[in-house]
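The block underneath contains the structure these notes are about, expressed in structure tokens.
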2 protein chains.
Amino acid sequence: MHSASLPAAAAPAHRVCEATVTVTDAAGAPLADTELVVTQRRHAFGLGNIGFDFVGLANGEPDGIGTESLAQLYTDVFNTATLPFYWGRFEPERGAPHTEQLLQTARWFRERGVALKGHPLVWHTVQPDWLLGLPLDEVEHLQRGRIRRDVGDFAGLIDTWDAINEVVIMPVFDNGANAITPLARAKGRIAMVRMAFEEARAANPHATLLLNDFDLSSAYECLIEGVLEAGIRIDAIGLQTHMHQGYWGEDAMLAMVDRFARYGLPLHMTESSLVSGQLMPADIVDLNDYRVAEWPSTPEGEARQADELERHYRSLVAHPAVEAITYWGITDAGAWLGAPIGLVRADGTPKPSYHALRRLVKDEWWLAPTIITTDAAGRFSVAGFRGDYELGTGAGTTPFAISSDKQQINLTHPTETPKG
Amino acid sequence: MHSASLPAAAAPAHRVCEATVTVTDAAGAPLADTELVVTQRRHAFGLGNIGFDFVGLANGEPDGIGTESLAQLYTDVFNTATLPFYWGRFEPERGAPHTEQLLQTARWFRERGVALKGHPLVWHTVQPDWLLGLPLDEVEHLQRGRIRRDVGDFAGLIDTWDAINEVVIMPVFDNGANAITPLARAKGRIAMVRMAFEEARAANPHATLLLNDFDLSSAYECLIEGVLEAGIRIDAIGLQTHMHQGYWGEDAMLAMVDRFARYGLPLHMTESSLVSGQLMPADIVDLNDYRVAEWPSTPEGEARQADELERHYRSLVAHPAVEAITYWGITDAGAWLGAPIGLVRADGTPKPSYHALRRLVKDEWWLAPTIITTDAAGRFSVAGFRGDYELGTGAGTTPFAISSDKQQINLTHPTETPKG
């Protein structure tokens with residue numbers, strides 16, 4: 001039986017699944033001894049980035065940052081976009097959320113083959129001013145309503161959500177006046193998690209709902225254990241890894257991942273970033289406290305970023321618990337904290353890190369179009385990353401998905417080109 | 001009505017309770033217009049210290065450290081002694097625990113008016129070697145059995161226990177081979193807490209059971225919230241404050257205490273220490289990692305320790321949630337890490353810190369013997385710290401306890417001296 005396969009050792013063994021595909025024609029007869037092309041279309045592994053820069057373009061109001069050319073670079077590498085649902089910006093005026101704008105953005109991404117994730121439903125930062133001064137029970141009522149409304153409005157388009165963000169510090173963080181910290185202080189962290197998950201779950205039972213945190217210490221472990229003991233179902237654990245102060249290295253990163261992997265839940269690296277310029281000083285505790293007038297991307301920094309980015313993805317893809325890595329920024333233009341964390345420079349040209357990541361996900365870990373011939377029973381085998389594939393002949397293409405190892409796939413493929 | 005009272009402003013208002021005492025004779029007639037002496041005997045507030053140094057003395061095998069003279073200093077200030085139940089030392093040979101030795105020590109303290117606390121029932125450090133290599137379910141079985149056995153054996157003598165120690169790092173701390181870390185890793189932190197509390201509670205339903213930790217970060221908050229959400233009843237939260245690297249100051253200490261006070265549970269400062277010599281360098285993370293050949297107590301250090309100790313006790317007694325402060329060491333001789341944290345020098349002479357603490361708890365916060373006269377109804381009032389008191393006349397003494405403000409206390413007091 002002929003096989004279309006990734007080269008051995010191109011990827012961690014647990015990532016590569018071998019499937020046997022049997023192709024029949026419309027009448028059920030095997031498509032025997034037929035030459036066809038097998039092509040990978042999409043990774044199932046979550047290759048995410050933020051989609052914040054394309055809201056204007058998607059809504060017919062392009063700005064100088066989110067251009068068509070940047071979108072081309074984006075969609076060539078990333079298959080998932082995180083959209084901004086920061087409550088204070090999404091609904092600056094009570095009762096007038098920017099639902100249509102983000103619906104249009106989500107549709108725009110979906111048309112380009114990019115899945116969506118919403119971030120975040122509950123957070124103590126970027127809160128609407130109009131919550132301030134309301135009694136706690138009204139804040140809770142409004143918070144619950146906003147979760148139900150937004151998760152419901154986007155169900156089918158956005159089916160993955162950071163249900164709650166940074167719960168570890170939520171009741172104790174001092175970031176100025178906001179209505180969520182006092183609510184978390186009164187209810188407790190686990191009750192806040194329960195609130196977020198039960199409302200989101202009710203509005204979209206098919207959603208993948210995450211806890212997300214930057215605090216990767218034992219505090220997050222304790223929180224997760226409490227949440228699980230309380231019987232709250234979480235679908236994935238979100239781990240932020242902003243590395244403005246330098247790459248943590250494979251060993252430290254994987255030791256951390258191992259600590260969270262022991263809960264048996266999928267891990268999503270929800271916010272990864274690496275700078276291609278000077279590093280932020282190590283003594284800064286809250287990254288938000290570091291502000292500089294200019295933070296240029298440098299040739300040395302870009303070489304380092306490319307090397308570290310490749311090591312970061314390579315080591316995490318090698319860990320069986322990791323199901324997604326979201327990079328936090330496509331371009332330096334308008335990047336968080338002004339840091340050169342983008343994979344594309346502010347002038348729109350890709351950095352070495354972009355090319356390094358593209359080479360990994362679209363070359364080393366990607367099944368290039370491969371010509372094979374079916375056997376007498378219409379069969380061939382294919383081995384590659386979990387994801388979407390298609391087979392093609394002169395008569396057309398038929399999609400299929402590889403989702404597990406030793407999978408048996410039966411396909412019906414046309415034997416005649418459709419009439420013009 | 002005459003009153004025996006602490007001077008106004010001698011203590012935080014919430015610590016001082018005013019009680020009205022009505023004294024009658026054996027026939028029920030008011031002891032009217034009678035002069036008597038009111039004397040405080042004991043603080044209800046937990047003034048603890050470790051009792052480790054007196055195991056030998058109590059068992060008729062005095063050493064050079066735990067002398068009668070040190071015992072005098074101890075019992076004049078402290079009303080609660082923490083006894084060592086470190087499993088590996090308490091039961092170095094499987095099935096042969098040092099129960100009799102600690103029973104005798106506990107009785108010895110009780111005869112001197114000192115209550116007891118046991119420390120700890122579950123911990124990953126100082127484990128018996130004979131646990132190593134056993135299957136996890138057998139380790140759990142043995143751990144449960146040891147809790148039941150020891151809490152049961154000491155019920156009535158020791159009714160306060162650190163049920164579990166340092167759970168925050170329990171599953172992840174690397175301190176060499178021990179059998180508890182893998183158990184905690186397999187069961188999870190909350191299940192470990194549940195195990196400790198359910199076994200101890202079953203063996204002594206009247207016990208006060210504590211969580212105890214040195215990690216006072218959000219991690220401990222998250223753990224506590226998980227434990228409470230899981231429905232595990234904990235009686236007090238234990239907060240360790242070893243300050244070998246310097247006094248934290250009132251503001252930092254009370255901000256920390258406030259974070260834990262919001263769970264509505266009593267707080268016990270279970271392990272407080274302040275050095276009277278050079279401070280440990282600030283960059284040491286695990287205090288156990290700092291070892292020096294000599295760590296002398298100095299005159300300047302002793303003055304600083306006395307000042308800080310007074311501020312520490314004064315600020316914590318002012319916080320309504322704090323119910324006990326245990327100092328970690330009476331003497332420098334054999335002190336933890338060799339640090340001069342004792343209130344008594346290695347040569348047996350008290351440091352200024354000892355005198356400062358004694359002055360607080362036996363003078364400023366203590367109702368000195370006060371002569372008063374009952375009114376026509378046999379009444380007088382008394383205001384002081386919660387605790388044990390007695391009234392005396394030539395005919396004898398009658399004990400009473402003040403446990404709440406505005407308390408009405410009825411006492412029967414003899415009017416004749418008992419016949420010789």
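A note on labels: chains of the structure tokens are A, B, ... as shown, every chain counts residues from 1, and ligands are counted from 1 in their shown order.
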Quiz item: Near Asp286 of chain A, within 12 Å and counting only C-alpha atoms, which residues show up once chain neighbours fewer than 6 positions away are dropped, as a ChimeraX atom specification?
Solution: /A:173-175,214-215,242,244-245,280,337
Given the selection you just returned, output its residues as a file containing C-alpha atoms, formatted as an mmCIF file, in the first residue's frame.
```
data_model
loop_
_atom_site.group_PDB
_atom_site.id
_atom_site.type_symbol
_atom_site.label_atom_id
_atom_site.label_comp_id
_atom_site.auth_asym_id
_atom_site.auth_seq_id
_atom_site.Cartn_x
_atom_site.Cartn_y
_atom_site.Cartn_z
ATOM 1 C CA PHE A 173 -4.799 43.020 42.629
ATOM 2 C CA ASP A 174 -4.768 46.779 42.965
ATOM 3 C CA ASN A 175 -5.254 48.237 39.495
ATOM 4 C CA PHE A 214 -0.107 34.443 33.961
ATOM 5 C CA ASP A 215 0.569 33.266 37.505
ATOM 6 C CA HIS A 242 4.943 36.583 27.952
ATOM 7 C CA HIS A 244 9.657 40.234 27.510
ATOM 8 C CA GLN A 245 12.421 39.574 30.039
ATOM 9 C CA MET A 280 12.971 44.169 29.645
ATOM 10 C CA LEU A 337 3.812 47.746 25.671
#
```
Self-check item: Per-residue DSSP, segment 217-397 of chain A, filtered to alpha helix (DSSP H), as an MDAnalysis selection string
Solution: chainID A and resid 218:229 250:261 299:317 352:359
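Taking only C-alpha atoms into account, chain B lies nearest to A:Ser218 out of the set A:Thr125, A:Ser218, A:Asn49, A:Thr373.
Within 10 Å of Ala346 of chain B, once only C-alpha atoms are used and residues closer than 4 positions along the same chain are dropped, the contacting residues are Gly64, Ile65, Pro296, Ser297, Ile330, Thr331, Asp332, Ala333, Gly334, Ala335, Pro340, Gly342 and Pro350 of chain B.
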Quiz item: Within 6 Å of segment 158-160 of chain A, counting only C-alpha atoms, which residues qualify if same-chain residues fewer than 5 places away don't, as a PyMOL selection string?
Solution: chain A and resi 116-117+207-209
Quiz prompt | All residues 10 Å or closer to Val227 of chain B, only C-alpha atoms, same chain fewer than 2 positions away omitted, as JSON, numbers by chain | solution = {"A": [222, 225, 226, 229, 230], "B": [189, 190, 191, 193, 194, 211, 221, 222, 223, 224, 225, 229, 230, 231, 232, 233, 234]}
Quiz prompt | Close residues, Trp108 of chain B itself excluded, 6 Å, only C-alpha atoms, min 3 positions apart in chain, as an MDAnalysis selection string | solution = chainID B and resid 58 105 111
